[in-house]
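Note: the block below is coords_6.tsv and it holds TSV, C-alpha atoms and all ligand atoms.
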chain	number	residue	atom	x	y	z
A	1	MET	CA	6.38	-21.23	-2.85
A	2	SER	CA	4.42	-18.59	-0.95
A	3	ALA	CA	7.19	-17.01	1.13
A	4	ARG	CA	8.70	-13.64	0.29
A	5	LEU	CA	12.38	-13.93	-0.64
A	6	ILE	CA	14.74	-11.85	1.52
A	7	ASP	CA	17.35	-10.58	-0.93
A	8	GLY	CA	20.68	-10.49	0.92
A	9	LYS	CA	22.57	-9.59	-2.21
A	10	ALA	CA	20.53	-6.44	-2.79
A	11	LEU	CA	20.59	-5.39	0.87
A	12	SER	CA	24.34	-6.03	0.98
A	13	ALA	CA	24.85	-3.75	-2.03
A	14	HIS	CA	22.82	-1.04	-0.29
A	15	VAL	CA	24.83	-1.33	2.95
A	16	ARG	CA	28.12	-1.34	1.03
A	17	GLY	CA	27.00	1.85	-0.73
A	18	GLU	CA	26.44	3.51	2.65
A	19	VAL	CA	29.89	2.37	3.75
A	20	ALA	CA	31.46	3.83	0.58
A	21	GLU	CA	29.89	7.18	1.47
A	22	ARG	CA	31.41	7.06	4.96
A	23	VAL	CA	34.77	6.06	3.45
A	24	ARG	CA	34.70	9.21	1.28
A	25	THR	CA	34.04	11.36	4.36
A	26	LEU	CA	36.83	9.70	6.31
A	27	LYS	CA	39.29	10.05	3.44
A	28	SER	CA	38.51	13.76	3.25
A	29	GLN	CA	39.61	13.88	6.89
A	30	GLY	CA	42.89	12.19	5.99
A	31	VAL	CA	42.09	8.60	7.07
A	32	THR	CA	41.86	5.66	4.66
A	33	PRO	CA	40.19	2.74	6.44
A	34	GLY	CA	42.23	-0.46	6.13
A	35	LEU	CA	41.41	-4.14	6.63
A	36	ALA	CA	44.00	-6.92	6.93
A	37	VAL	CA	42.90	-10.48	6.21
A	38	VAL	CA	45.24	-13.25	7.30
A	39	LEU	CA	44.82	-16.60	5.56
A	40	VAL	CA	46.77	-19.62	6.79
A	41	GLY	CA	46.91	-22.49	4.30
A	42	GLU	CA	45.53	-23.00	0.81
A	43	ASP	CA	41.94	-24.15	1.38
A	44	PRO	CA	40.22	-23.21	-1.92
A	45	ALA	CA	36.89	-22.21	-0.29
A	46	SER	CA	38.73	-19.95	2.19
A	47	GLN	CA	40.70	-18.41	-0.68
A	48	VAL	CA	37.44	-17.52	-2.44
A	49	TYR	CA	35.98	-15.92	0.73
A	50	VAL	CA	39.15	-13.95	1.37
A	51	ARG	CA	39.25	-12.69	-2.22
A	52	ASN	CA	35.58	-11.64	-1.97
A	53	LYS	CA	36.25	-9.74	1.27
A	54	ALA	CA	39.25	-7.94	-0.23
A	55	ALA	CA	37.30	-7.06	-3.41
A	56	ALA	CA	34.39	-5.66	-1.34
A	57	CYS	CA	36.84	-3.47	0.60
A	58	THR	CA	38.43	-2.12	-2.55
A	59	ALA	CA	35.01	-1.46	-4.13
A	60	ALA	CA	34.05	0.62	-1.07
A	61	GLY	CA	37.27	2.65	-1.38
A	62	MET	CA	39.01	0.98	1.55
A	63	HIS	CA	42.55	-0.24	1.72
A	64	SER	CA	42.81	-4.02	2.00
A	65	ARG	CA	45.79	-6.23	2.63
A	66	VAL	CA	45.72	-10.01	2.31
A	67	ILE	CA	48.47	-11.86	4.16
A	68	PRO	CA	48.78	-15.45	2.91
A	69	LEU	CA	50.77	-17.79	5.13
A	70	GLY	CA	51.77	-21.40	4.51
A	71	ALA	CA	49.70	-24.20	6.07
A	72	ASP	CA	52.65	-25.19	8.28
A	73	THR	CA	53.33	-21.68	9.61
A	74	PRO	CA	54.37	-21.99	13.28
A	75	GLU	CA	51.90	-20.50	15.76
A	76	GLY	CA	54.52	-18.03	17.02
A	77	GLU	CA	55.03	-16.66	13.53
A	78	LEU	CA	51.28	-16.05	13.12
A	79	LEU	CA	51.17	-14.29	16.50
A	80	ASP	CA	54.08	-12.06	15.36
A	81	VAL	CA	52.18	-11.14	12.19
A	82	ILE	CA	49.16	-10.17	14.30
A	83	GLU	CA	51.26	-8.07	16.69
A	84	THR	CA	52.72	-6.21	13.71
A	85	LEU	CA	49.20	-5.51	12.38
A	86	ASN	CA	48.05	-4.43	15.86
A	87	ALA	CA	50.76	-1.75	15.80
A	88	ASP	CA	50.18	-0.66	12.17
A	89	PRO	CA	48.22	2.65	12.02
A	90	ALA	CA	47.16	1.96	8.37
A	91	ILE	CA	45.24	-1.14	9.55
A	92	HIS	CA	41.95	-0.57	11.42
A	93	GLY	CA	40.51	-4.08	11.17
A	94	ILE	CA	42.16	-7.50	11.42
A	95	LEU	CA	40.47	-10.75	10.37
A	96	VAL	CA	42.14	-14.15	10.67
A	97	GLN	CA	40.23	-16.50	8.40
A	98	LEU	CA	38.91	-19.58	10.24
A	99	PRO	CA	39.31	-22.49	10.52
A	100	LEU	CA	43.05	-22.54	11.29
A	101	PRO	CA	45.29	-25.60	10.88
A	102	GLY	CA	45.15	-28.01	13.84
A	103	HIS	CA	48.61	-27.17	15.25
A	104	ILE	CA	47.49	-23.58	15.95
A	105	ASP	CA	45.52	-22.58	19.08
A	106	THR	CA	42.59	-20.61	17.59
A	107	GLY	CA	41.61	-19.04	20.92
A	108	LEU	CA	45.13	-17.74	21.52
A	109	VAL	CA	45.27	-16.28	18.01
A	110	ILE	CA	41.96	-14.44	18.40
A	111	GLU	CA	42.91	-13.14	21.86
A	112	THR	CA	46.14	-11.74	20.36
A	113	ILE	CA	44.20	-9.48	17.98
A	114	SER	CA	43.76	-6.02	19.49
A	115	ALA	CA	40.11	-5.90	20.65
A	116	ALA	CA	39.83	-2.45	19.02
A	117	LYS	CA	40.73	-4.01	15.61
A	118	ASP	CA	38.73	-7.25	16.07
A	119	VAL	CA	36.18	-6.56	13.30
A	120	ASP	CA	34.94	-10.18	13.48
A	121	GLY	CA	33.88	-9.52	17.10
A	122	PHE	CA	35.34	-12.89	18.16
A	123	HIS	CA	37.72	-11.66	20.92
A	124	VAL	CA	36.58	-12.67	24.45
A	125	SER	CA	36.48	-9.02	25.37
A	126	ASN	CA	34.11	-8.27	22.49
A	127	ALA	CA	32.00	-11.34	23.29
A	128	GLY	CA	31.74	-10.11	26.89
A	129	LEU	CA	30.85	-6.58	25.86
A	130	LEU	CA	28.09	-7.94	23.59
A	131	MET	CA	26.76	-10.17	26.36
A	132	THR	CA	26.67	-7.28	28.84
A	133	GLY	CA	24.83	-4.97	26.44
A	134	ARG	CA	27.73	-2.68	25.45
A	135	PRO	CA	28.79	-4.12	22.08
A	136	LEU	CA	31.91	-2.71	20.39
A	137	PHE	CA	31.88	-5.01	17.32
A	138	ARG	CA	28.90	-7.27	16.62
A	139	PRO	CA	29.98	-10.52	14.89
A	140	CYS	CA	29.34	-9.97	11.17
A	141	THR	CA	27.01	-12.89	10.41
A	142	PRO	CA	24.48	-12.32	13.23
A	143	TYR	CA	24.79	-8.55	12.69
A	144	GLY	CA	23.88	-9.12	9.03
A	145	VAL	CA	20.89	-11.25	10.04
A	146	MET	CA	19.67	-8.41	12.30
A	147	LYS	CA	19.98	-5.99	9.36
A	148	MET	CA	17.90	-8.32	7.21
A	149	LEU	CA	15.18	-8.64	9.88
A	150	GLU	CA	15.18	-4.87	10.32
A	151	SER	CA	14.90	-4.22	6.58
A	152	GLU	CA	11.92	-6.61	6.46
A	153	ASN	CA	10.30	-4.91	9.48
A	154	VAL	CA	10.07	-8.22	11.31
A	155	PRO	CA	8.72	-7.56	14.83
A	156	LEU	CA	11.17	-8.83	17.46
A	157	ARG	CA	9.81	-7.48	20.76
A	158	GLY	CA	8.10	-10.40	22.44
A	159	ALA	CA	8.67	-12.65	19.42
A	160	GLU	CA	9.64	-16.31	19.82
A	161	ALA	CA	13.10	-16.64	18.26
A	162	VAL	CA	14.62	-20.10	17.88
A	163	ILE	CA	18.24	-20.54	16.82
A	164	VAL	CA	19.54	-23.93	15.70
A	165	GLY	CA	23.30	-24.07	16.25
A	166	ALA	CA	25.20	-22.55	19.17
A	167	SER	CA	28.70	-21.75	17.89
A	168	ASN	CA	30.70	-18.82	19.25
A	169	ILE	CA	30.73	-17.13	15.85
A	170	VAL	CA	27.07	-17.49	14.81
A	171	GLY	CA	24.53	-19.06	17.19
A	172	LYS	CA	25.59	-17.57	20.54
A	173	PRO	CA	26.05	-13.96	19.36
A	174	MET	CA	22.80	-14.31	17.37
A	175	ALA	CA	21.04	-15.18	20.63
A	176	MET	CA	22.48	-12.08	22.33
A	177	LEU	CA	21.40	-9.74	19.52
A	178	LEU	CA	17.86	-11.17	19.35
A	179	LEU	CA	17.57	-11.05	23.14
A	180	ALA	CA	18.69	-7.41	23.15
A	181	ALA	CA	15.98	-6.70	20.55
A	182	GLY	CA	13.34	-8.08	22.93
A	183	ALA	CA	12.83	-11.58	21.57
A	184	THR	CA	12.33	-14.65	23.75
A	185	VAL	CA	15.27	-16.79	22.64
A	186	THR	CA	15.72	-20.56	22.44
A	187	LEU	CA	19.21	-21.78	21.51
A	188	CYS	CA	19.37	-25.37	20.22
A	189	ASN	CA	22.39	-27.64	19.80
A	190	SER	CA	23.14	-31.20	18.69
A	191	LYS	CA	21.76	-32.57	22.00
A	192	THR	CA	18.37	-30.87	21.68
A	193	ARG	CA	15.84	-33.65	22.29
A	194	ASP	CA	13.16	-32.96	19.69
A	195	LEU	CA	14.33	-30.24	17.35
A	196	GLY	CA	10.97	-29.94	15.61
A	197	ASP	CA	9.20	-29.23	18.91
A	198	GLN	CA	11.47	-26.20	19.31
A	199	THR	CA	11.52	-24.93	15.71
A	200	ARG	CA	7.73	-25.16	15.32
A	201	ARG	CA	7.33	-22.53	18.09
A	202	ALA	CA	9.46	-19.99	16.24
A	203	ASP	CA	8.19	-16.72	14.82
A	204	VAL	CA	11.80	-16.14	13.75
A	205	LEU	CA	13.88	-19.24	12.98
A	206	VAL	CA	17.65	-18.94	12.42
A	207	VAL	CA	19.49	-22.09	11.31
A	208	ALA	CA	23.31	-22.35	11.51
A	209	THR	CA	24.53	-25.92	11.83
A	210	GLY	CA	26.35	-26.92	8.63
A	211	ARG	CA	23.88	-29.83	8.22
A	212	PRO	CA	22.04	-29.56	4.88
A	213	GLY	CA	18.31	-30.24	5.16
A	214	ILE	CA	18.28	-30.28	8.98
A	215	VAL	CA	15.16	-28.08	8.94
A	216	SER	CA	12.28	-28.98	6.61
A	217	GLY	CA	8.89	-27.38	6.06
A	218	ASP	CA	7.11	-29.63	8.60
A	219	MET	CA	9.38	-28.07	11.28
A	220	VAL	CA	8.38	-24.50	10.38
A	221	LYS	CA	5.42	-22.64	11.89
A	222	PRO	CA	3.13	-21.22	9.19
A	223	GLY	CA	4.03	-17.56	8.66
A	224	ALA	CA	7.44	-17.79	10.34
A	225	VAL	CA	10.48	-15.87	9.07
A	226	VAL	CA	13.26	-18.35	8.21
A	227	ILE	CA	16.92	-17.29	8.10
A	228	ASP	CA	19.30	-19.88	6.65
A	229	VAL	CA	22.92	-19.23	7.64
A	230	GLY	CA	24.26	-22.58	6.44
A	231	ILE	CA	26.69	-22.77	3.53
A	232	ASN	CA	27.18	-26.33	2.29
A	233	ARG	CA	28.87	-27.42	-0.92
A	234	LEU	CA	27.26	-30.66	-2.16
A	235	GLU	CA	29.26	-33.26	-4.10
A	236	SER	CA	27.44	-32.06	-7.21
A	237	GLY	CA	29.10	-28.67	-6.64
A	238	LYS	CA	25.77	-27.07	-5.74
A	239	LEU	CA	25.75	-24.60	-2.83
A	240	VAL	CA	22.87	-25.14	-0.37
A	241	GLY	CA	21.91	-23.94	3.08
A	242	ASP	CA	20.82	-25.94	6.14
A	243	VAL	CA	17.11	-25.48	5.39
A	244	ASP	CA	15.21	-27.58	2.85
A	245	PHE	CA	14.28	-24.50	0.85
A	246	ASP	CA	11.28	-25.67	-1.17
A	247	SER	CA	9.33	-27.26	1.70
A	248	ALA	CA	10.14	-24.40	4.11
A	249	ALA	CA	9.26	-21.68	1.56
A	250	ALA	CA	5.81	-23.26	1.19
A	251	VAL	CA	4.93	-22.45	4.84
A	252	ALA	CA	7.15	-19.50	5.83
A	253	SER	CA	6.13	-15.86	5.30
A	254	ALA	CA	9.69	-14.90	4.35
A	255	ILE	CA	12.91	-16.84	3.80
A	256	THR	CA	16.54	-16.22	2.84
A	257	PRO	CA	18.03	-18.03	-0.17
A	258	VAL	CA	21.45	-19.71	-0.34
A	259	PRO	CA	23.41	-18.35	-2.11
A	260	GLY	CA	22.39	-14.68	-2.09
A	261	GLY	CA	21.13	-14.52	1.50
A	262	VAL	CA	23.14	-14.23	4.70
A	263	GLY	CA	26.57	-14.74	3.04
A	264	PRO	CA	26.70	-11.40	1.22
A	265	MET	CA	25.42	-9.65	4.37
A	266	THR	CA	28.35	-11.06	6.38
A	267	ILE	CA	30.76	-9.31	4.04
A	268	ALA	CA	28.78	-6.05	4.12
A	269	MET	CA	28.83	-6.01	7.94
A	270	LEU	CA	32.57	-6.69	7.95
A	271	LEU	CA	32.94	-3.42	6.03
A	272	VAL	CA	30.61	-1.66	8.49
A	273	ASN	CA	32.73	-2.86	11.42
A	274	THR	CA	35.92	-1.78	9.65
A	275	ILE	CA	34.66	1.73	8.88
A	276	GLU	CA	33.52	2.05	12.50
A	277	ALA	CA	36.96	0.99	13.73
A	278	ALA	CA	38.54	3.63	11.50
A	279	GLU	CA	36.06	6.34	12.56
A	280	ARG	CA	36.86	5.64	16.22
A	281	THR	CA	40.53	6.49	15.66
A	282	LEU	CA	39.41	10.08	14.89
A	283	GLN	CA	37.13	10.25	17.94
A	284	ALA	CA	39.97	9.13	20.22
A	301	LIG	N1	26.63	-17.22	5.74
A	301	LIG	C1	27.71	-16.90	6.43
A	301	LIG	O1	28.20	-15.80	6.36
A	301	LIG	C2	28.31	-17.91	7.34
A	301	LIG	C3	27.91	-19.21	7.22
A	301	LIG	N2	28.39	-20.15	8.07
A	301	LIG	C4	27.84	-21.50	7.91
A	301	LIG	O2	26.93	-21.73	8.98
A	301	LIG	C5	26.98	-23.09	9.37
A	301	LIG	C6	27.34	-23.18	10.85
A	301	LIG	O3	28.61	-22.63	11.04
A	301	LIG	P1	29.29	-22.59	12.51
A	301	LIG	O4	28.37	-21.92	13.44
A	301	LIG	O5	30.66	-22.07	12.31
A	301	LIG	O6	29.35	-24.18	12.80
A	301	LIG	P2	29.92	-25.04	14.00
A	301	LIG	O7	30.23	-26.36	13.42
A	301	LIG	O8	30.94	-24.29	14.75
A	301	LIG	O9	28.64	-25.20	14.97
A	301	LIG	C7	27.55	-25.94	14.58
A	301	LIG	C8	26.47	-25.86	15.63
A	301	LIG	O10	25.35	-26.60	15.16
A	301	LIG	C9	24.97	-27.53	16.15
A	301	LIG	N3	24.44	-28.75	15.52
A	301	LIG	C10	25.10	-29.67	14.78
A	301	LIG	N4	24.28	-30.67	14.43
A	301	LIG	C11	23.08	-30.39	14.98
A	301	LIG	C12	21.84	-31.05	15.01
A	301	LIG	N5	21.66	-32.24	14.40
A	301	LIG	N6	20.81	-30.48	15.68
A	301	LIG	C13	20.97	-29.29	16.30
A	301	LIG	N7	22.13	-28.61	16.32
A	301	LIG	C14	23.17	-29.17	15.67
A	301	LIG	C15	26.23	-27.84	16.94
A	301	LIG	O11	25.84	-28.35	18.21
A	301	LIG	P3	26.89	-28.69	19.39
A	301	LIG	O12	27.22	-27.35	19.99
A	301	LIG	O13	26.12	-29.58	20.29
A	301	LIG	O14	28.06	-29.34	18.73
A	301	LIG	C16	26.88	-26.47	16.98
A	301	LIG	O15	26.38	-25.70	18.04
A	301	LIG	C17	27.98	-23.75	8.43
A	301	LIG	O16	27.28	-24.26	7.31
A	301	LIG	C18	28.86	-22.60	7.99
A	301	LIG	O17	29.45	-22.82	6.74
A	301	LIG	C19	29.27	-19.83	9.08
A	301	LIG	C20	29.71	-18.55	9.23
A	301	LIG	C21	29.31	-17.50	8.34
A	302	LIG	N1	37.44	-15.02	10.72
A	302	LIG	C1	36.42	-15.42	9.98
A	302	LIG	N2	35.35	-14.60	9.82
A	302	LIG	C2	34.29	-14.99	9.06
A	302	LIG	O1	33.31	-14.22	8.91
A	302	LIG	C3	34.33	-16.28	8.42
A	302	LIG	C4	35.45	-17.08	8.63
A	302	LIG	N3	36.46	-16.65	9.42
A	302	LIG	N4	35.52	-18.30	8.05
A	302	LIG	C5	34.50	-18.79	7.17
A	302	LIG	C6	33.14	-18.19	7.47
A	302	LIG	C7	32.19	-18.28	6.32
A	302	LIG	N5	31.94	-16.92	5.90
A	302	LIG	C8	31.23	-16.56	4.75
A	302	LIG	C9	31.21	-15.28	4.27
A	302	LIG	C10	30.57	-14.96	3.08
A	302	LIG	C11	29.92	-15.93	2.36
A	302	LIG	C12	29.28	-15.58	1.05
A	302	LIG	O2	29.40	-14.47	0.57
A	302	LIG	N6	28.56	-16.52	0.41
A	302	LIG	C13	27.94	-16.34	-0.89
A	302	LIG	C14	28.35	-17.42	-1.86
A	302	LIG	C15	29.84	-17.62	-1.99
A	302	LIG	C16	30.16	-18.82	-2.87
A	302	LIG	O3	29.67	-18.86	-4.01
A	302	LIG	O4	30.89	-19.71	-2.40
A	302	LIG	C17	26.42	-16.44	-0.73
A	302	LIG	O5	25.98	-17.07	0.24
A	302	LIG	O6	25.72	-15.94	-1.59
A	302	LIG	C18	29.91	-17.21	2.84
A	302	LIG	C19	30.54	-17.52	4.03
A	302	LIG	C20	32.63	-16.07	6.69
A	302	LIG	N7	33.31	-16.73	7.62
A	303	MG	MG	31.53	-13.51	10.70

Let me see whether you can do it: turn the structure in this file into C-alpha cells.
Amino acid sequence: MSARLIDGKALSAHVRGEVAERVRTLKSQGVTPGLAVVLVGEDPASQVYVRNKAAACTAAGMHSRVIPLGADTPEGELLDVIETLNADPAIHGILVQLPLPGHIDTGLVIETISAAKDVDGFHVSNAGLLMTGRPLFRPCTPYGVMKMLESENVPLRGAEAVIVGASNIVGKPMAMLLLAAGATVTLCNSKTRDLGDQTRRADVLVVATGRPGIVSGDMVKPGAVVIDVGINRLESGKLVGDVDFDSAAAVASAITPVPGGVGPMTIAMLLVNTIEAAERTLQA
C-alpha cells in the first residue's frame, strides 16, 4: 500500500467537537438543538445507524428523540408523526431513516418534512436549492466527502471528478457539490458502457453503488484520490466498501477505508446540519 489513509473517524471527531462548541453557545442563548429520527420497522442495520446518530447528538450536547414505528405503520400515520414534528419547536431537524417499507411512498414522506427541518437535504426544495447554487442543507454523505477532500487539501478547481453511482442521496448531490467546487464532473450509472474508461480519467474518484469490488486498482489512475462511500456487509459479517481496497491503495495517492471513512463523516455532517437549523431559528 502506498496511498495515504484518509481518517474519517478522526475528522468526524474533530467536526463533532466543533459542533459541541456551537451547541454550548446556542444553549447559553436559551436554545437546545434537537434532532428527531423516525425509524419504521425493525431492520437491525437501520437500528444500529439510528442508535449511532442519537448517541452522536447526545455526545454533542444536543437533544435527540428516536421515534420507532412498527413495520406495518400506515402511511397516513407516518405523515401525521412528521406533521407533529414539523410543528414542534424543540425539534430543529427531522430524519426519516431510509429505506421505508414498500407500502409507503418515500417521496411523499420526504416532501412532508418541513424543508427548514430537512437535515438530510433530501426534500425536492433542498435538492433544487443545491442544484441552483443556493444550498440550505447539503446531503450529509456528499457534504462529509467534501469535508474530507478539503481537510486533505485536494485541489478541485479544474480537476477531473468521476462519481460511480447516481442516487438522489449520494451520487447526484455529490456531483453538484464537486461541480460547485470547480471540478469537471462525470456521473456514471449501471448503464455506463465501459466503467474503467471513465474511472481511469479521475483525479478524484467517488464510488457509491452498493456493489463490493466494483472498482479495482486497474481502474484507478496512479495518484488519484479514492473515496469509497459503499457500505456492504459480507456473509462473513465483514464490512467492506465498493472499492477493492488493497489493489486501489497500491495506485492511489489517498484513499478512505471502510469502516472508518465516509460513514462517520455522514453522522458528523448530520450534526452540522442540525446545529445550523437550530441557529437559523435565532436569526429569524
Ligand atoms: N457511508 C455512508 O454514509 C453511506 C453509504 N451508503 C452506501 O453507498 C452505497 C450506495 O448507496 P445509494 O446511493 O443509496 O444506492 P442506490 O442503490 O440508491 O444507487 C446505486 C447507484 O449505483 C449505480 N450502479 C449500480 N450498479 C452499477 C454498476 N455496475 N456500474 C455503475 N453504476 C452502478 C446505480 O445505477 P442506476 O442509476 O443505473 O440504477 C445507482 O445510480 C451503498 O453501499 C450504501 O450502503 C449510502 C448512504 C450513506
Ligand atoms: N434518511 C437517511 N439518511 C441517511 O443518512 C441514511 C439513511 N437514511 N439510511 C441509511 C444510510 C446509510 N448511512 C450511514 C451512516 C453512517 C454509517 C457509519 O457510521 N458507518 C460506520 C460503520 C458502522 C457499522 O459498523 O455498521 C463506518 O463506516 O465506519 C454508515 C451508513 C446513512 N444513511
Ligand atoms: Mg445522508

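For the set A:Glu276, A:Asp72, A:Asp203, A:Asp228, the residue with the smallest atom-to-atom gap to Ala161 (chain A) is A:Asp203, counting only C-alpha atoms.
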
- Message: Can you tell me which residues surround Thr256 (chain A) at a distance of at most 6 Å, considering all atoms listed in the file, apart from same-chain residues fewer than 6 positions away, and format the answer as a list in words?
- Response: Leu5, Ile6, Ile227 and Asp228 of chain A

Using C-alpha atoms, can you write the selected residues to a file as an mmCIF file, in the coordinates of the input?
data_model
loop_
_atom_site.group_PDB
_atom_site.id
_atom_site.type_symbol
_atom_site.label_atom_id
_atom_site.label_comp_id
_atom_site.auth_asym_id
_atom_site.auth_seq_id
_atom_site.Cartn_x
_atom_site.Cartn_y
_atom_site.Cartn_z
ATOM 1 C CA LEU A 5 12.380 -13.930 -0.640
ATOM 2 C CA ILE A 6 14.740 -11.850 1.520
ATOM 3 C CA ILE A 227 16.920 -17.290 8.100
ATOM 4 C CA ASP A 228 19.300 -19.880 6.650
#

- CA of Val119 (chain A) and CA of Gly182 (chain A) are how many Å apart? 24.8 Å

How close does region 87-163 of chain A get to region 21-33 of chain A? List, as a tab-separated table, each residue of region 87-163 of chain A within 10 Å, its nearest atom pair and the distance in Å to one decimal, counting only C-alpha atoms.
residue	atom	partner	partner_atom	distance
A:Pro89	CA	A:Pro33	CA	9.8
A:Ala90	CA	A:Pro33	CA	7.3
A:Ile91	CA	A:Pro33	CA	7.1
A:His92	CA	A:Pro33	CA	6.2
A:Gly93	CA	A:Pro33	CA	8.3

- Task: Measure the distance from CA of Arg157 (chain A) to atom O12 of ligand LIG 301 (chain A) in Å and round it to one decimal.
- Result: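 Result for CA of Arg157 (chain A) versus atom O12 of ligand LIG 301 (chain A): 26.4 Å, one decimal.
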
- Query: Restricting the calculation to only C-alpha atoms and all ligand atoms, which member of A:Val162, A:Val154, A:Leu39, A:Ala208 is positioned closest to ligand LIG 301 (chain A)?
  - Reply: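 That would be A:Ala208, the residue with the smallest distance to ligand LIG 301 (chain A).
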
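Once Val124 (chain A) and its same-chain neighbours fewer than 3 positions away are set aside, Gly107, Ile110, Glu111, Ala115, Gly121, Ala127, Gly128, Leu129, Leu130 and Asn168 of chain A remain within 10 Å of it when counting all atoms listed in the file.
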
Which residues sit within 7 Å of ligand MG 303 (chain A), counting only C-alpha atoms and all ligand atoms, listed as a short mmCIF file (atom, residue, chain, number, x, y, z; two decimals) with C-alpha atoms, in the coordinates of the input?
data_model
loop_
_atom_site.label_atom_id
_atom_site.label_comp_id
_atom_site.auth_asym_id
_atom_site.auth_seq_id
_atom_site.Cartn_x
_atom_site.Cartn_y
_atom_site.Cartn_z
CA ASP A 120 34.94 -10.18 13.48
CA PRO A 139 29.98 -10.52 14.89
CA CYS A 140 29.34 -9.97 11.17
CA THR A 141 27.01 -12.89 10.41
CA ILE A 169 30.73 -17.13 15.85
CA THR A 266 28.35 -11.06 6.38
#

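In this comparison, which uses all atoms listed in the file, the residue of A:Asp118, A:Asp246, A:Glu77, A:Asp43 approaching Leu98 (chain A) most closely is A:Asp43.
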
- Item | Among the residues A:Leu11, A:Ala248, A:Val206, A:Val96, the one that comes closest to Glu150 (chain A) [using only C-alpha atoms] |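 That would be A:Leu11, the residue with the smallest distance to Glu150 (chain A).
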
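Going from CA of Val19 (chain A) over to CA of Gly61 (chain A), you cover 9.0 Å.
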
Sorted per-residue table, chain A near ligand LIG 301 (chain A), closest atoms and distance, 6 Å, all atoms listed in the file, as JSON lines:
{"residue": "A:Thr141", "atom": "CA", "partner": "A:LIG301", "partner_atom": "O1", "distance": 5.1}
{"residue": "A:Val164", "atom": "CA", "partner": "A:LIG301", "partner_atom": "N7", "distance": 5.4}
{"residue": "A:Gly165", "atom": "CA", "partner": "A:LIG301", "partner_atom": "O10", "distance": 3.4}
{"residue": "A:Ala166", "atom": "CA", "partner": "A:LIG301", "partner_atom": "O15", "distance": 3.5}
{"residue": "A:Ser167", "atom": "CA", "partner": "A:LIG301", "partner_atom": "O4", "distance": 4.5}
{"residue": "A:Ile169", "atom": "CA", "partner": "A:LIG301", "partner_atom": "O4", "distance": 5.9}
{"residue": "A:Val170", "atom": "CA", "partner": "A:LIG301", "partner_atom": "O4", "distance": 4.8}
{"residue": "A:Cys188", "atom": "CA", "partner": "A:LIG301", "partner_atom": "C13", "distance": 5.8}
{"residue": "A:Asn189", "atom": "CA", "partner": "A:LIG301", "partner_atom": "N7", "distance": 3.6}
{"residue": "A:Ser190", "atom": "CA", "partner": "A:LIG301", "partner_atom": "C14", "distance": 3.6}
{"residue": "A:Lys191", "atom": "CA", "partner": "A:LIG301", "partner_atom": "O13", "distance": 5.6}
{"residue": "A:Ala208", "atom": "CA", "partner": "A:LIG301", "partner_atom": "C6", "distance": 4.2}
{"residue": "A:Thr209", "atom": "CA", "partner": "A:LIG301", "partner_atom": "O10", "distance": 3.5}
{"residue": "A:Gly210", "atom": "CA", "partner": "A:LIG301", "partner_atom": "O16", "distance": 3.1}
{"residue": "A:Val229", "atom": "CA", "partner": "A:LIG301", "partner_atom": "N1", "distance": 4.6}
{"residue": "A:Gly230", "atom": "CA", "partner": "A:LIG301", "partner_atom": "O16", "distance": 3.6}
{"residue": "A:Ile231", "atom": "CA", "partner": "A:LIG301", "partner_atom": "O16", "distance": 4.1}
{"residue": "A:Asn232", "atom": "CA", "partner": "A:LIG301", "partner_atom": "O16", "distance": 5.4}
{"residue": "A:Val262", "atom": "CA", "partner": "A:LIG301", "partner_atom": "N1", "distance": 4.7}
{"residue": "A:Gly263", "atom": "CA", "partner": "A:LIG301", "partner_atom": "N1", "distance": 3.7}
{"residue": "A:Thr266", "atom": "CA", "partner": "A:LIG301", "partner_atom": "O1", "distance": 4.7}

Those residues you just picked out, can you put them in a file as a PDB file, keeping the file's coordinate frame with C-alpha atoms?
ATOM      1  CA  THR A 141      27.010 -12.890  10.410  1.00  0.00           C
ATOM      2  CA  VAL A 164      19.540 -23.930  15.700  1.00  0.00           C
ATOM      3  CA  GLY A 165      23.300 -24.070  16.250  1.00  0.00           C
ATOM      4  CA  ALA A 166      25.200 -22.550  19.170  1.00  0.00           C
ATOM      5  CA  SER A 167      28.700 -21.750  17.890  1.00  0.00           C
ATOM      6  CA  ILE A 169      30.730 -17.130  15.850  1.00  0.00           C
ATOM      7  CA  VAL A 170      27.070 -17.490  14.810  1.00  0.00           C
ATOM      8  CA  CYS A 188      19.370 -25.370  20.220  1.00  0.00           C
ATOM      9  CA  ASN A 189      22.390 -27.640  19.800  1.00  0.00           C
ATOM     10  CA  SER A 190      23.140 -31.200  18.690  1.00  0.00           C
ATOM     11  CA  LYS A 191      21.760 -32.570  22.000  1.00  0.00           C
ATOM     12  CA  ALA A 208      23.310 -22.350  11.510  1.00  0.00           C
ATOM     13  CA  THR A 209      24.530 -25.920  11.830  1.00  0.00           C
ATOM     14  CA  GLY A 210      26.350 -26.920   8.630  1.00  0.00           C
ATOM     15  CA  VAL A 229      22.920 -19.230   7.640  1.00  0.00           C
ATOM     16  CA  GLY A 230      24.260 -22.580   6.440  1.00  0.00           C
ATOM     17  CA  ILE A 231      26.690 -22.770   3.530  1.00  0.00           C
ATOM     18  CA  ASN A 232      27.180 -26.330   2.290  1.00  0.00           C
ATOM     19  CA  VAL A 262      23.140 -14.230   4.700  1.00  0.00           C
ATOM     20  CA  GLY A 263      26.570 -14.740   3.040  1.00  0.00           C
ATOM     21  CA  THR A 266      28.350 -11.060   6.380  1.00  0.00           C
TER      22      THR A 266
END

- Query: A:Ala54, A:Met131, A:Leu79, A:Ala278: which is nearest ligand LIG 302 (chain A), counting only C-alpha atoms and all ligand atoms?
  - Reply: A:Ala54

Coordinates of box centre and edge lengths for ligand LIG 302 (chain A), 3 Å on every side, axis-aligned, as lines of an AutoDock Vina configuration file:
center_x = 31.6
center_y = -17.0
center_z = 3.4
size_x = 17.7
size_y = 11.5
size_z = 20.7

- Non-local contacts of Met269 (chain A) (9 Å; all atoms listed in the file; under 6 positions in same chain excluded) as number ranges by chain: A: 12, 15-16, 138-141, 143-144, 147

- Which of A:Arg193, A:Arg65, A:Arg280, A:Lys238 sits closest to ligand LIG 302 (chain A) [using only C-alpha atoms and all ligand atoms]: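 Among the listed residues, the smallest separation from ligand LIG 302 (chain A) belongs to A:Lys238.
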
- Message: Could you list, as a ChimeraX atom specification, every residue within 7 Å of Thr184 (chain A), counting all atoms listed in the file and ignoring same-chain residues fewer than 3 positions away?
- Response: /A:158-161,179

Could those residues be written to a file, using C-alpha atoms, as a short mmCIF file (atom, residue, chain, number, x, y, z; two decimals), in the coordinates of the input?
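This went into part19.cif:
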data_model
loop_
_atom_site.label_atom_id
_atom_site.label_comp_id
_atom_site.auth_asym_id
_atom_site.auth_seq_id
_atom_site.Cartn_x
_atom_site.Cartn_y
_atom_site.Cartn_z
CA GLY A 158 8.10 -10.40 22.44
CA ALA A 159 8.67 -12.65 19.42
CA GLU A 160 9.64 -16.31 19.82
CA ALA A 161 13.10 -16.64 18.26
CA LEU A 179 17.57 -11.05 23.14
#
